[in-house]
file my_file_30.txt (compact mmCIF, C-alpha atoms)
# COMPACT_ATOMS: atom_id res chain seq x y z
CA MET A 215 25.00 -20.35 -5.55
CA SER A 216 26.48 -17.31 -3.86
CA ASN A 217 27.52 -17.05 -0.27
CA ILE A 218 27.78 -13.92 1.75
CA GLY A 219 29.14 -13.62 5.22
CA VAL A 220 28.92 -10.43 7.19
CA TYR A 221 29.31 -9.52 10.79
CA LEU A 222 26.29 -7.76 12.14
CA GLN A 223 25.84 -5.69 15.19
CA PRO A 224 22.51 -4.53 16.63
CA LEU A 225 21.14 -1.68 14.59
CA ALA A 226 18.18 0.60 14.82
CA VAL A 227 16.01 2.25 12.23
CA SER A 228 16.52 5.97 12.35
CA ALA A 229 14.66 8.77 10.66
CA SER A 230 17.55 11.08 10.07
CA SER A 231 20.74 10.61 8.11
CA ALA A 232 22.37 13.14 10.39
CA TYR A 233 22.69 10.47 13.02
CA ILE A 234 24.40 7.83 10.96
CA THR A 235 27.97 7.39 12.03
CA SER A 236 30.28 4.96 10.41
CA ASP A 237 33.51 4.87 12.34
CA THR A 238 34.58 1.61 10.78
CA THR A 239 32.91 1.45 7.45
CA GLU A 240 35.77 0.00 5.43
CA GLU A 241 34.52 -2.81 3.31
CA SER A 242 37.59 -4.94 3.18
CA ALA A 243 37.09 -8.60 2.46
CA ASN A 244 39.27 -9.42 5.43
CA GLN A 245 37.51 -7.13 7.78
CA THR A 246 36.01 -9.02 10.66
CA ASN A 247 34.41 -6.23 12.63
CA GLN A 248 32.44 -4.22 10.12
CA THR A 249 30.40 -1.96 12.35
CA TYR A 250 27.70 0.51 11.46
CA THR A 251 26.10 2.37 14.26
CA VAL A 252 22.90 4.31 13.91
CA THR A 253 22.22 6.52 16.85
CA SER A 254 19.50 9.01 17.44
CA PRO A 255 18.30 9.81 20.93
CA SER A 256 14.94 10.90 19.62
CA THR A 257 14.26 8.25 17.04
CA ILE A 258 15.73 4.95 18.18
CA ILE A 259 12.86 2.71 18.98
CA SER A 260 14.38 -0.69 19.29
CA ILE A 261 17.76 -2.26 19.52
CA SER A 262 17.65 -6.00 19.44
CA PRO A 263 18.37 -7.33 22.90
CA ASN A 264 19.00 -10.76 21.43
CA ALA A 265 22.08 -9.83 19.51
CA PRO A 266 24.41 -8.05 21.91
CA GLN A 267 27.55 -9.33 20.22
CA PRO A 268 28.57 -9.15 16.59
CA ARG A 269 27.64 -12.40 14.99
CA LEU A 270 28.29 -14.12 11.72
CA PHE A 271 25.25 -14.40 9.53
CA ARG A 272 25.39 -16.52 6.43
CA LYS A 273 22.97 -16.54 3.56
CA SER A 274 23.03 -18.51 0.38
CA PHE A 275 20.25 -17.52 -1.98
CA SER A 276 20.93 -17.74 -5.65
CA SER A 277 17.82 -15.61 -6.27
CA LEU A 278 18.69 -12.84 -3.82
CA PRO A 279 20.81 -9.90 -4.88
CA ILE A 280 23.94 -9.60 -2.81
CA ILE A 281 24.10 -6.21 -1.20
CA THR A 282 26.75 -4.64 0.94
CA MET A 283 26.18 -3.78 4.56
CA ALA A 284 26.37 -0.09 3.68
CA GLU A 285 23.55 -0.50 1.15
CA LEU A 286 21.48 -2.43 3.66
CA VAL A 287 21.91 0.29 6.27
CA LEU A 288 20.97 2.96 3.73
CA GLU A 289 17.85 1.07 2.67
CA TYR A 290 16.71 0.62 6.27
CA HIS A 291 17.45 4.24 6.94
CA GLU A 292 15.12 5.16 4.07
CA LEU A 293 12.53 2.83 5.54
CA GLY A 294 12.79 4.59 8.89
CA GLU A 295 12.38 7.91 7.12
CA ALA A 296 9.30 6.69 5.29
CA LEU A 297 7.76 5.48 8.55
CA SER A 298 8.45 8.84 10.15
CA GLU A 299 6.78 10.64 7.25
CA MET A 300 3.67 8.57 7.80
CA THR A 301 3.43 9.40 11.49
CA THR A 302 3.94 13.14 11.07
CA LEU A 303 0.96 13.61 8.78
CA ASP A 304 -2.37 14.88 10.10
CA ASP A 305 -4.47 12.10 11.55
CA ASP A 306 -7.15 12.66 8.91
CA ASP A 307 -4.66 11.97 6.13
CA GLU A 308 -5.12 8.60 4.37
CA ARG A 309 -1.44 7.80 4.71
CA TRP A 310 -1.24 8.55 8.44
CA ILE A 311 -0.54 5.62 10.77
CA ASP A 312 -1.09 5.35 14.52
CA PRO A 313 2.19 6.05 16.39
CA PRO A 314 2.04 2.69 18.29
CA VAL A 315 1.83 0.92 14.92
CA ALA A 316 4.87 2.84 13.70
CA ASN A 317 6.78 1.89 16.85
CA ILE A 318 6.13 -1.81 16.31
CA ALA A 319 6.95 -1.46 12.61
CA ARG A 320 10.31 0.09 13.55
CA ARG A 321 10.96 -2.80 15.90
CA VAL A 322 10.17 -5.32 13.15
CA ALA A 323 12.39 -3.38 10.75
CA SER A 324 15.25 -3.44 13.26
CA GLU A 325 14.93 -7.20 13.65
CA LEU A 326 14.83 -7.66 9.89
CA MET A 327 17.95 -5.58 9.49
CA ASN A 328 19.68 -7.47 12.29
CA GLY A 329 18.84 -10.64 10.39
CA GLY A 330 20.33 -9.27 7.18
CA TYR A 331 17.07 -9.30 5.24
CA PRO A 332 16.76 -6.92 2.28
CA ALA A 333 14.80 -3.81 3.22
CA PRO A 334 11.14 -4.05 2.25
CA HIS A 335 8.98 -1.45 0.58
CA ILE A 336 6.09 -0.22 2.70
CA PHE A 337 2.52 0.93 2.35
CA ASN A 338 -0.59 1.22 4.47
CA HIS A 339 -4.31 0.79 3.84
CA GLY A 340 -5.45 2.63 6.93
CA PRO A 341 -4.06 3.85 10.26
CA LYS A 342 -4.05 0.51 12.08
CA SER A 343 -1.21 -1.29 10.32
CA VAL A 344 1.87 -0.99 8.17
CA VAL A 345 2.57 -3.45 5.38
CA PHE A 346 6.13 -4.49 4.49
CA ASN A 347 6.39 -5.73 0.92
CA TRP A 348 9.04 -7.72 -0.96
CA SER A 349 8.75 -8.74 -4.60
CA ARG A 350 10.43 -11.67 -6.29
CA GLY A 351 9.55 -11.74 -9.95
CA ALA A 352 5.78 -11.56 -10.07
CA ASP A 353 5.37 -12.97 -6.55
CA ASN A 354 4.91 -10.82 -3.48
CA LEU A 355 5.46 -11.29 0.21
CA TYR A 356 3.59 -8.94 2.53
CA LEU A 357 4.12 -8.64 6.28
CA THR A 358 1.20 -6.81 7.86
CA VAL A 359 2.29 -5.35 11.18
CA SER A 360 -0.32 -4.13 13.64
CA THR A 361 -0.35 -3.63 17.40
CA ASP A 362 -1.54 -7.18 18.07
CA SER A 363 -0.26 -9.37 15.28
CA ILE A 364 2.11 -9.94 12.40
CA SER A 365 0.67 -11.62 9.32
CA ALA A 366 2.45 -12.97 6.28
CA LEU A 367 0.75 -13.14 2.91
CA ILE A 368 2.39 -14.70 -0.13
CA SER A 369 0.76 -14.11 -3.47
CA SER A 370 1.25 -14.52 -7.19
CA PRO A 371 -0.62 -12.60 -9.90
CA GLN A 372 -3.09 -15.46 -10.12
CA ARG A 373 -3.74 -16.32 -6.49
CA ILE A 374 -3.05 -15.99 -2.80
CA LYS A 375 -0.57 -18.74 -2.02
CA ARG A 376 -0.31 -18.61 1.75
CA ARG A 377 -1.48 -16.65 4.74
CA ILE A 378 0.16 -17.11 8.13
CA ASP A 379 -0.85 -15.19 11.26
CA TYR A 380 1.49 -14.74 14.22
CA PRO A 381 0.76 -13.09 17.55
CA LEU A 382 2.94 -10.12 18.34
CA THR A 383 4.74 -12.20 20.96
CA ALA A 384 6.42 -14.09 18.09
CA LEU A 385 8.59 -11.01 17.68
CA ALA A 386 10.39 -12.04 20.86
CA THR A 387 12.06 -14.81 18.84
CA PRO A 388 12.90 -13.13 15.52
CA ASP A 389 15.53 -15.76 14.73
CA ARG A 390 12.65 -18.23 14.44
CA LEU A 391 9.88 -15.98 13.14
CA PHE A 392 11.53 -14.50 10.06
CA PRO A 393 13.23 -17.67 8.77
CA SER A 394 9.87 -19.43 8.92
CA ILE A 395 8.25 -16.71 6.83
CA GLN A 396 11.23 -16.70 4.50
CA SER A 397 10.97 -20.46 4.02
CA ALA A 398 7.34 -20.10 3.06
CA TYR A 399 8.15 -17.34 0.58
CA TRP A 400 10.97 -19.21 -1.11
CA GLU A 401 8.87 -22.36 -1.15
CA ARG A 402 11.42 -24.35 0.73
CA PRO A 403 10.39 -27.05 3.15
CA ILE A 404 8.72 -25.46 6.14
CA ILE A 405 10.73 -26.48 9.15
CA VAL A 406 9.87 -24.06 11.89
CA ILE A 407 6.54 -22.66 10.79
CA LYS A 408 4.99 -23.29 14.20
CA SER A 409 8.04 -23.03 16.33
CA ALA A 410 8.19 -19.24 16.36
CA SER A 411 5.23 -19.40 18.64
CA SER A 412 2.81 -22.12 19.55
CA ASP A 413 0.07 -19.62 18.70
CA ALA A 414 1.17 -19.17 15.09
CA MET A 415 -1.65 -20.05 12.75
CA GLU A 416 -1.49 -20.84 9.08
CA ARG A 417 -4.74 -20.47 7.23
CA PRO A 418 -5.44 -23.58 5.22
CA LEU A 419 -6.02 -22.75 1.57
CA ALA A 420 -8.48 -24.88 -0.31
CA MET B 167 -26.86 2.11 -17.67
CA CYS B 168 -26.95 4.87 -15.00
CA PHE B 169 -28.83 3.02 -12.26
CA GLY B 170 -28.82 -0.61 -11.23
CA PRO B 171 -25.79 -2.87 -11.14
CA ILE B 172 -22.59 -1.64 -12.72
CA PRO B 173 -21.69 -4.15 -15.46
CA ASP B 174 -18.64 -6.38 -15.01
CA ARG B 175 -16.93 -4.85 -18.03
CA ALA B 176 -17.25 -1.30 -16.66
CA ASN B 177 -13.97 0.52 -16.19
CA LEU B 178 -13.18 2.03 -12.80
CA PHE B 179 -10.32 4.34 -11.91
CA ARG B 180 -8.45 4.73 -8.65
CA HIS B 181 -6.74 8.08 -8.32
CA SER B 182 -3.30 8.22 -6.81
CA VAL B 183 -2.95 11.23 -4.47
CA PHE B 184 0.03 11.66 -2.15
CA PRO B 185 1.45 14.21 0.24
CA VAL B 186 4.14 16.15 -1.58
CA SER B 187 6.71 14.83 0.90
CA PHE B 188 6.14 11.20 -0.17
CA ARG B 189 9.11 10.79 -2.43
CA SER B 190 10.90 7.94 -0.72
CA ARG B 191 11.72 5.02 -2.98
CA ARG B 192 10.65 2.74 -0.16
CA PHE B 193 6.93 3.30 -0.67
CA ALA B 194 5.34 0.32 -2.40
CA ALA B 195 3.07 0.61 -5.38
CA PRO B 196 -0.24 -0.44 -3.74
CA ASN B 197 0.06 2.58 -1.44
CA PHE B 198 -2.69 4.43 -3.30
CA PHE B 199 -5.59 2.31 -2.00
CA ASN B 200 -7.20 3.21 1.29
CA LEU B 201 -9.75 0.94 2.99
CA ASN B 202 -12.34 2.06 5.52
CA GLU B 203 -14.31 -0.11 7.90
CA LYS B 204 -18.07 0.02 8.44
CA VAL B 205 -20.67 -2.09 10.21
CA HIS B 206 -24.05 -2.59 8.54
CA ASP B 207 -26.80 -4.89 9.87
CA GLY B 208 -24.28 -6.61 12.12
CA GLN B 209 -21.92 -7.38 9.26
CA ASN B 210 -18.44 -6.00 8.94
CA ILE B 211 -17.77 -4.17 5.71
CA VAL B 212 -14.64 -2.75 4.12
CA VAL B 213 -15.09 0.00 1.54
CA ALA B 214 -12.84 1.83 -0.91
CA SER B 215 -13.42 4.69 -3.35
CA VAL B 216 -12.98 4.64 -7.11
CA ALA B 217 -14.55 6.54 -10.02
CA TRP B 218 -16.73 5.11 -12.78
CA GLN B 219 -15.80 5.73 -16.40
CA THR B 220 -19.42 6.21 -17.47
CA TYR B 221 -19.20 9.68 -15.89
CA MET B 222 -15.65 10.31 -17.12
CA PRO B 223 -15.76 9.64 -20.86
CA THR B 224 -12.22 10.87 -21.62
CA SER B 225 -8.89 10.71 -19.82
CA ASN B 226 -9.17 14.45 -19.32
CA TYR B 227 -12.28 13.89 -17.17
CA VAL B 228 -10.46 11.14 -15.26
CA HIS B 229 -7.54 13.41 -14.41
CA ARG B 230 -9.63 16.45 -13.56
CA TYR B 231 -11.38 14.28 -10.98
CA GLY B 232 -7.96 13.52 -9.46
CA CYS B 233 -6.91 17.17 -9.48
CA ARG B 234 -10.17 18.16 -7.74
CA LEU B 235 -9.64 15.38 -5.19
CA ALA B 236 -6.21 16.70 -4.20
CA ASP B 237 -7.47 20.29 -4.26
CA LYS B 238 -10.41 19.55 -1.97
CA ARG B 239 -8.21 17.76 0.54
CA ASN B 240 -5.84 20.72 0.65
CA LYS B 241 -8.70 23.21 1.02
CA ARG B 242 -10.21 21.19 3.87
CA LYS B 243 -6.89 21.33 5.71
CA GLN B 244 -6.56 25.04 5.05
CA GLU B 245 -10.05 25.59 6.49
CA LYS B 246 -9.13 23.56 9.55
CA GLY B 247 -5.89 25.47 9.90
CA THR B 248 -3.82 22.27 9.71
CA TYR B 249 -2.39 22.77 6.23
CA LYS B 250 1.36 22.29 5.88
CA GLU B 251 3.15 22.72 2.57
CA LYS B 252 5.06 19.44 3.01
CA ASP B 253 1.76 17.60 3.42
CA ARG B 254 0.20 19.23 0.36
CA GLN B 255 -1.73 16.60 -1.56
CA VAL B 256 -0.59 16.05 -5.12
CA TYR B 257 -2.48 14.07 -7.74
CA CYS B 258 -0.09 11.78 -9.62
CA GLY B 259 -2.28 9.74 -11.97
CA ALA B 260 -4.84 6.97 -12.09
CA TYR B 261 -4.96 3.19 -12.33
CA GLN B 262 -7.71 1.29 -14.09
CA LEU B 263 -9.56 -1.87 -13.11
CA THR B 264 -12.91 -3.43 -14.00
CA ALA B 265 -16.00 -4.01 -11.86
CA GLY B 266 -15.82 -7.71 -12.72
CA ALA B 267 -12.29 -8.01 -11.30
CA VAL B 268 -13.49 -6.47 -8.04
CA ARG B 269 -16.40 -8.91 -7.78
CA GLU B 270 -14.07 -11.86 -8.38
CA ILE B 271 -12.29 -11.07 -5.11
CA SER B 272 -15.16 -12.72 -3.20
CA THR B 273 -14.23 -16.06 -4.81
CA VAL B 274 -10.49 -15.88 -4.14
CA THR B 275 -8.98 -18.82 -2.29
CA GLY B 276 -7.37 -17.50 0.86
CA LEU B 277 -9.97 -14.79 1.48
CA GLU B 278 -12.70 -17.05 2.78
CA GLU B 279 -13.85 -14.50 5.37
CA ILE B 280 -15.33 -12.38 2.58
CA GLU B 281 -18.93 -13.11 1.68
CA SER B 282 -19.34 -10.70 -1.21
CA ALA B 283 -17.49 -8.04 -3.17
CA ASP B 284 -19.37 -5.51 -5.25
CA VAL B 285 -19.30 -2.06 -6.82
CA TYR B 286 -21.93 0.66 -6.27
CA HIS B 287 -22.37 4.05 -7.86
CA LEU B 288 -22.49 6.43 -4.92
CA ILE B 289 -22.27 10.18 -5.55
CA GLU B 290 -20.04 11.62 -2.87
CA ASP B 291 -18.58 15.02 -2.12
CA GLY B 292 -20.23 16.44 -5.22
CA GLU B 293 -18.49 13.95 -7.51
CA ILE B 294 -20.97 12.24 -9.79
CA ALA B 295 -18.44 9.59 -10.89
CA HIS B 296 -17.67 8.46 -7.35
CA THR B 297 -18.19 4.75 -6.89
CA GLU B 298 -17.77 2.54 -3.85
CA LEU B 299 -16.09 -0.86 -3.66
CA LYS B 300 -17.77 -2.87 -0.93
CA PHE B 301 -16.36 -6.04 0.66
CA VAL B 302 -18.84 -7.68 3.02
CA PHE B 303 -17.39 -10.04 5.60
CA LYS B 304 -19.23 -13.21 6.63
CA THR B 305 -21.38 -12.95 9.73
CA GLY B 306 -19.15 -13.20 12.78
CA ALA B 307 -15.95 -12.71 10.79
CA ALA B 308 -13.83 -9.87 12.14
CA ILE B 309 -12.09 -7.45 9.83
CA THR B 310 -8.38 -8.08 10.24
CA GLU B 311 -5.51 -6.01 8.94
CA ALA B 312 -4.24 -9.17 7.22
CA ALA B 313 -7.52 -9.57 5.32
CA LYS B 314 -7.31 -5.94 4.22
CA THR B 315 -3.79 -6.55 2.90
CA ALA B 316 -5.11 -9.53 0.94
CA ILE B 317 -7.87 -7.34 -0.56
CA ILE B 318 -5.28 -4.71 -1.53
CA ASP B 319 -3.08 -7.39 -3.10
CA ARG B 320 -5.95 -8.63 -5.26
CA LEU B 321 -7.04 -5.09 -6.20
CA TRP B 322 -3.47 -4.19 -7.17
CA HIS B 323 -3.16 -7.30 -9.34
CA ALA B 324 -6.40 -6.31 -11.08
CA CYS B 325 -5.05 -2.85 -11.92
CA ALA B 326 -3.70 -1.61 -15.24
CA GLY B 327 -1.75 1.57 -15.76
CA PRO B 328 -0.65 4.01 -14.57
CA MET B 329 -1.99 7.01 -16.45
CA PRO B 330 0.33 9.69 -15.00
CA PHE B 331 -0.79 13.31 -14.93
CA ILE B 332 0.39 16.67 -13.64
CA CYS B 333 -2.35 19.06 -12.56
CA GLU B 334 -2.20 22.72 -13.51
CA GLN B 335 -1.48 23.76 -9.94
CA ASP B 336 1.54 21.41 -9.82
CA THR B 337 3.26 22.26 -13.09
CA GLU B 338 5.98 24.23 -11.29
CA MET B 339 6.98 21.27 -9.13
CA THR B 340 10.39 19.74 -9.72
CA ASN B 341 10.53 15.94 -9.42
CA HIS B 342 6.78 15.58 -9.57
CA PRO B 343 5.81 12.33 -7.75
CA SER B 344 3.95 11.10 -10.84
CA GLU B 345 7.39 10.10 -12.16
CA LYS B 346 7.53 7.45 -9.44
CA LEU B 347 4.27 5.70 -10.24
CA GLU B 348 4.94 2.02 -10.80
CA ASP B 349 3.56 -0.06 -13.61
CA ALA B 350 0.54 -2.07 -12.51
CA PRO B 351 0.64 -5.86 -12.88
CA ASN B 352 -2.22 -5.93 -15.38
CA GLY B 353 -0.50 -4.02 -18.15
CA ARG B 354 -1.25 -0.67 -19.72
CA SER B 355 -4.56 1.07 -19.17
CA GLU B 356 -6.86 1.53 -22.09
CA ASN B 357 -8.92 4.65 -22.20
CA ALA B 358 -9.60 4.99 -25.89
CA GLU B 359 -11.28 8.11 -27.17
CA PRO B 360 -15.03 7.73 -26.63
CA LYS B 361 -17.45 6.86 -29.39
CA ILE B 362 -20.53 8.98 -30.03
CA SER B 363 -22.59 6.42 -28.12
CA THR B 364 -20.38 6.97 -25.06
CA TRP B 365 -21.07 10.72 -25.16
CA ILE B 366 -24.80 10.12 -25.59
CA LYS B 367 -24.77 7.77 -22.60
CA PHE B 368 -22.72 10.25 -20.57
CA TYR B 369 -25.07 13.18 -21.13
CA LEU B 370 -28.14 11.01 -20.70
CA CYS B 371 -26.86 9.72 -17.35
CA LEU B 372 -26.00 13.24 -16.22
CA TRP B 373 -29.48 14.42 -17.13
CA ILE B 374 -31.21 11.51 -15.40
CA ASN B 375 -29.15 12.00 -12.25
CA LYS B 376 -29.84 15.72 -12.31
CA LEU B 377 -33.56 15.08 -12.48
CA ALA B 378 -33.39 12.49 -9.73
CA HIS B 379 -31.28 14.50 -7.31
CA ARG B 380 -31.72 18.10 -8.42
CA GLU B 381 -28.13 18.82 -7.56
CA LEU B 382 -25.08 20.02 -9.36
CA TRP B 383 -22.02 17.85 -9.56
CA HIS B 384 -18.46 18.19 -10.63
CA PHE B 385 -18.08 16.49 -13.95
CA ALA B 386 -16.61 19.04 -16.30
CA PRO B 387 -13.09 18.33 -17.59
call {"tool": "encode", "arguments": {"input": "my_file_30.txt", "output": "structure tokens"}}
result
Amino acid sequence: MSNIGVYLQPLAVSASSAYITSDTTEESANQTNQTYTVTSPSTIISISPNAPQPRLFRKSFSSLPIITMAELVLEYHELGEALSEMTTLDDDDERWIDPPVANIARRVASELMNGGYPAPHIFNHGPKSVVFNWSRGADNLYLTVSTDSISALISSPQRIKRRIDYPLTALATPDRLFPSIQSAYWERPIIVIKSASSDAMERPLA
Amino acid sequence: MCFGPIPDRANLFRHSVFPVSFRSRRFAAPNFFNLNEKVHDGQNIVVASVAWQTYMPTSNYVHRYGCRLADKRNKRKQEKGTYKEKDRQVYCGAYQLTAGAVREISTVTGLEEIESADVYHLIEDGEIAHTELKFVFKTGAAITEAAKTAIIDRLWHACAGPMPFICEQDTEMTNHPSEKLEDAPNGRSENAEPKISTWIKFYLCLWINKLAHRELWHFAP
């Protein structure tokens, strides 16, 4: 079992590497204020209001690769770039997404990064949503983000394991929303599956 | 053979076409499926496009279809005056799945809102091999983005491949995006060289369709 402890500060998903500044990017084991700031007047969509102060975030997943903060920032930067690519296409392009969808996706990405989650891969199946995708072995976790809901889907090659729908308001409490989805994905006991929002709904699977 | 239901064992191909700018390593593999919504007789329907192997007897036919697809999209943009070089569509390769695997999606646990899933030969945009995947939702069931993701997940898990390809018009490209195509969960695709019976069926189906529709289609490799 590996433990990682990092100090996080609110971050945003930016589309351009030109705006990444890293005044204090030393990665010393004793460093207590590792700060990465991503600033872009034109591309910042969301900075988490719930995490105004650096905070200690601990994870202990034997199955998760340990990545440095710098790698995490780079991965989320690439994610922001990919989202931007999708919005700048012509609206008749299959890979184009509605700008409001992209804005919400950026907000979700910011919250995920604030929570120290590995950056997902993304795809879309039309203009009305963006899908965040993580793989663990042959299993997949998808977060479908649209302008009115966030839905989690956990699948294996053989079957759909779980589907959980959350209203968009659940994003107001990311510290409850994402751990509940994570618990479902890692098949740990579900503790807060409904506490992210009283409107959260898990589809019963036969 | 040419008309009526497409048999479960029939091979279908989904062509992977991307804007030239899509080189980020953050794009996930199922990105090549696109789903469209329709309403028919009060029922919500989701459709996707593939191509049927009966009208593409060799891998060369399969890839030429993909090259034409990218070419047509670029020409349409040029005609509209919205063409940008960074958005130029590039064909990268194809993934293979069977009609039976598509139909099985209607029985998947966790996708109870779907009443039926089927595959129909539907000539479109001059392409005789064009085939439509059709997912009919139960009466009163809304199409949700989450349900569409579940459909994509099942389609992706049914796919084999990829069969990467570089079209003639893209041979000068450095870092062609076909290099980034991910392996599909269902293993390698099998598009063995056709037997004589396959060629006979191919030409017979072309001839029958020509008589029925009196049109010319793109089918040449």
call {"tool": "closest_atom_pairs", "arguments": {"input": "my_file_30.txt", "of": "chain A", "to": "chain B", "cutoff": "9 Å", "atoms": "all atoms listed in the file", "output": "JSON lines"}}
result
{"residue": "A:Glu289", "atom": "CA", "partner": "B:Arg192", "partner_atom": "CA", "distance": 7.9}
{"residue": "A:Glu292", "atom": "CA", "partner": "B:Arg192", "partner_atom": "CA", "distance": 6.6}
{"residue": "A:Leu293", "atom": "CA", "partner": "B:Arg192", "partner_atom": "CA", "distance": 6.0}
{"residue": "A:Glu295", "atom": "CA", "partner": "B:Ser190", "partner_atom": "CA", "distance": 8.0}
{"residue": "A:Ala296", "atom": "CA", "partner": "B:Ser190", "partner_atom": "CA", "distance": 6.3}
{"residue": "A:Glu299", "atom": "CA", "partner": "B:Phe188", "partner_atom": "CA", "distance": 7.5}
{"residue": "A:Met300", "atom": "CA", "partner": "B:Phe188", "partner_atom": "CA", "distance": 8.7}
{"residue": "A:Leu303", "atom": "CA", "partner": "B:Asp253", "partner_atom": "CA", "distance": 6.7}
{"residue": "A:Asp304", "atom": "CA", "partner": "B:Thr248", "partner_atom": "CA", "distance": 7.5}
{"residue": "A:Asp307", "atom": "CA", "partner": "B:Pro185", "partner_atom": "CA", "distance": 8.8}
{"residue": "A:Glu308", "atom": "CA", "partner": "B:Asn200", "partner_atom": "CA", "distance": 6.5}
{"residue": "A:Arg309", "atom": "CA", "partner": "B:Phe184", "partner_atom": "CA", "distance": 8.0}
{"residue": "A:Ala333", "atom": "CA", "partner": "B:Arg192", "partner_atom": "CA", "distance": 8.5}
{"residue": "A:Pro334", "atom": "CA", "partner": "B:Arg192", "partner_atom": "CA", "distance": 7.2}
{"residue": "A:His335", "atom": "CA", "partner": "B:Arg192", "partner_atom": "CA", "distance": 4.6}
{"residue": "A:Ile336", "atom": "CA", "partner": "B:Phe193", "partner_atom": "CA", "distance": 4.9}
{"residue": "A:Phe337", "atom": "CA", "partner": "B:Asn197", "partner_atom": "CA", "distance": 4.8}
{"residue": "A:Asn338", "atom": "CA", "partner": "B:Asn197", "partner_atom": "CA", "distance": 6.1}
{"residue": "A:His339", "atom": "CA", "partner": "B:Asn200", "partner_atom": "CA", "distance": 4.6}
{"residue": "A:Gly340", "atom": "CA", "partner": "B:Asn200", "partner_atom": "CA", "distance": 5.9}
{"residue": "A:Lys342", "atom": "CA", "partner": "B:Glu311", "partner_atom": "CA", "distance": 7.4}
{"residue": "A:Ser343", "atom": "CA", "partner": "B:Glu311", "partner_atom": "CA", "distance": 6.5}
{"residue": "A:Val344", "atom": "CA", "partner": "B:Glu311", "partner_atom": "CA", "distance": 9.0}
{"residue": "A:Val345", "atom": "CA", "partner": "B:Thr315", "partner_atom": "CA", "distance": 7.5}
{"residue": "A:Phe346", "atom": "CA", "partner": "B:Ala194", "partner_atom": "CA", "distance": 8.4}
{"residue": "A:Asn347", "atom": "CA", "partner": "B:Ala194", "partner_atom": "CA", "distance": 7.0}
{"residue": "A:Trp348", "atom": "CA", "partner": "B:Ala194", "partner_atom": "CA", "distance": 9.0}
{"residue": "A:Ala352", "atom": "CA", "partner": "B:Pro351", "partner_atom": "CA", "distance": 8.2}
{"residue": "A:Asn354", "atom": "CA", "partner": "B:Asp319", "partner_atom": "CA", "distance": 8.7}
{"residue": "A:Tyr356", "atom": "CA", "partner": "B:Thr315", "partner_atom": "CA", "distance": 7.8}
{"residue": "A:Leu357", "atom": "CA", "partner": "B:Ala312", "partner_atom": "CA", "distance": 8.4}
{"residue": "A:Thr358", "atom": "CA", "partner": "B:Ala312", "partner_atom": "CA", "distance": 6.0}
{"residue": "A:Val359", "atom": "CA", "partner": "B:Glu311", "partner_atom": "CA", "distance": 8.1}
{"residue": "A:Ser360", "atom": "CA", "partner": "B:Glu311", "partner_atom": "CA", "distance": 7.2}
{"residue": "A:Ser363", "atom": "CA", "partner": "B:Glu311", "partner_atom": "CA", "distance": 8.9}
{"residue": "A:Ile364", "atom": "CA", "partner": "B:Ala312", "partner_atom": "CA", "distance": 8.2}
{"residue": "A:Ser365", "atom": "CA", "partner": "B:Ala312", "partner_atom": "CA", "distance": 5.9}
{"residue": "A:Ala366", "atom": "CA", "partner": "B:Ala312", "partner_atom": "CA", "distance": 7.8}
{"residue": "A:Leu367", "atom": "CA", "partner": "B:Ala316", "partner_atom": "CA", "distance": 7.2}
{"residue": "A:Ser369", "atom": "CA", "partner": "B:Asp319", "partner_atom": "CA", "distance": 7.7}
{"residue": "A:Ser370", "atom": "CA", "partner": "B:His323", "partner_atom": "CA", "distance": 8.7}
{"residue": "A:Pro371", "atom": "CA", "partner": "B:His323", "partner_atom": "CA", "distance": 5.9}
{"residue": "A:Gln372", "atom": "CA", "partner": "B:His323", "partner_atom": "CA", "distance": 8.2}
{"residue": "A:Arg373", "atom": "CA", "partner": "B:Val274", "partner_atom": "CA", "distance": 7.2}
{"residue": "A:Ile374", "atom": "CA", "partner": "B:Gly276", "partner_atom": "CA", "distance": 5.9}
{"residue": "A:Lys375", "atom": "CA", "partner": "B:Gly276", "partner_atom": "CA", "distance": 7.5}
{"residue": "A:Arg376", "atom": "CA", "partner": "B:Gly276", "partner_atom": "CA", "distance": 7.2}
{"residue": "A:Arg377", "atom": "CA", "partner": "B:Gly276", "partner_atom": "CA", "distance": 7.1}
{"residue": "A:Asp379", "atom": "CA", "partner": "B:Ala312", "partner_atom": "CA", "distance": 8.0}
{"residue": "A:Arg417", "atom": "CA", "partner": "B:Gly276", "partner_atom": "CA", "distance": 7.5}
{"residue": "A:Pro418", "atom": "CA", "partner": "B:Gly276", "partner_atom": "CA", "distance": 7.7}
{"residue": "A:Leu419", "atom": "CA", "partner": "B:Gly276", "partner_atom": "CA", "distance": 5.5}
{"residue": "A:Ala420", "atom": "CA", "partner": "B:Thr275", "partner_atom": "CA", "distance": 6.4}
call {"tool": "residues_around", "arguments": {"input": "my_file_30.txt", "residues": "Val205 of chain B", "least_positions_apart": "3", "cutoff": "12 Å", "atoms": "all atoms listed in the file", "output": "count of residues only"}}
result
17
call {"tool": "atom_distance", "arguments": {"input": "my_file_30.txt", "atom1": "atom CA of Ala236 of chain B", "atom2": "atom CA of Thr340 of chain B"}}
result
17.8 Å
call {"tool": "atom_distance", "arguments": {"input": "my_file_30.txt", "atom1": "atom CA of Ser225 of chain B", "atom2": "atom CA of Leu263 of chain B"}}
result
14.3 Å
call {"tool": "closest_residue", "arguments": {"input": "my_file_30.txt", "among": "B:Tyr286, B:Trp218, B:Tyr227, B:Tyr369", "to": "Gly170 of chain B", "atoms": "all atoms listed in the file"}}
result
B:Tyr286
call {"tool": "closest_residue", "arguments": {"input": "my_file_30.txt", "among": "B:Tyr257, B:Phe368, B:Trp373, B:Tyr221", "to": "Glu334 of chain B", "atoms": "all atoms listed in the file"}}
result
B:Tyr257
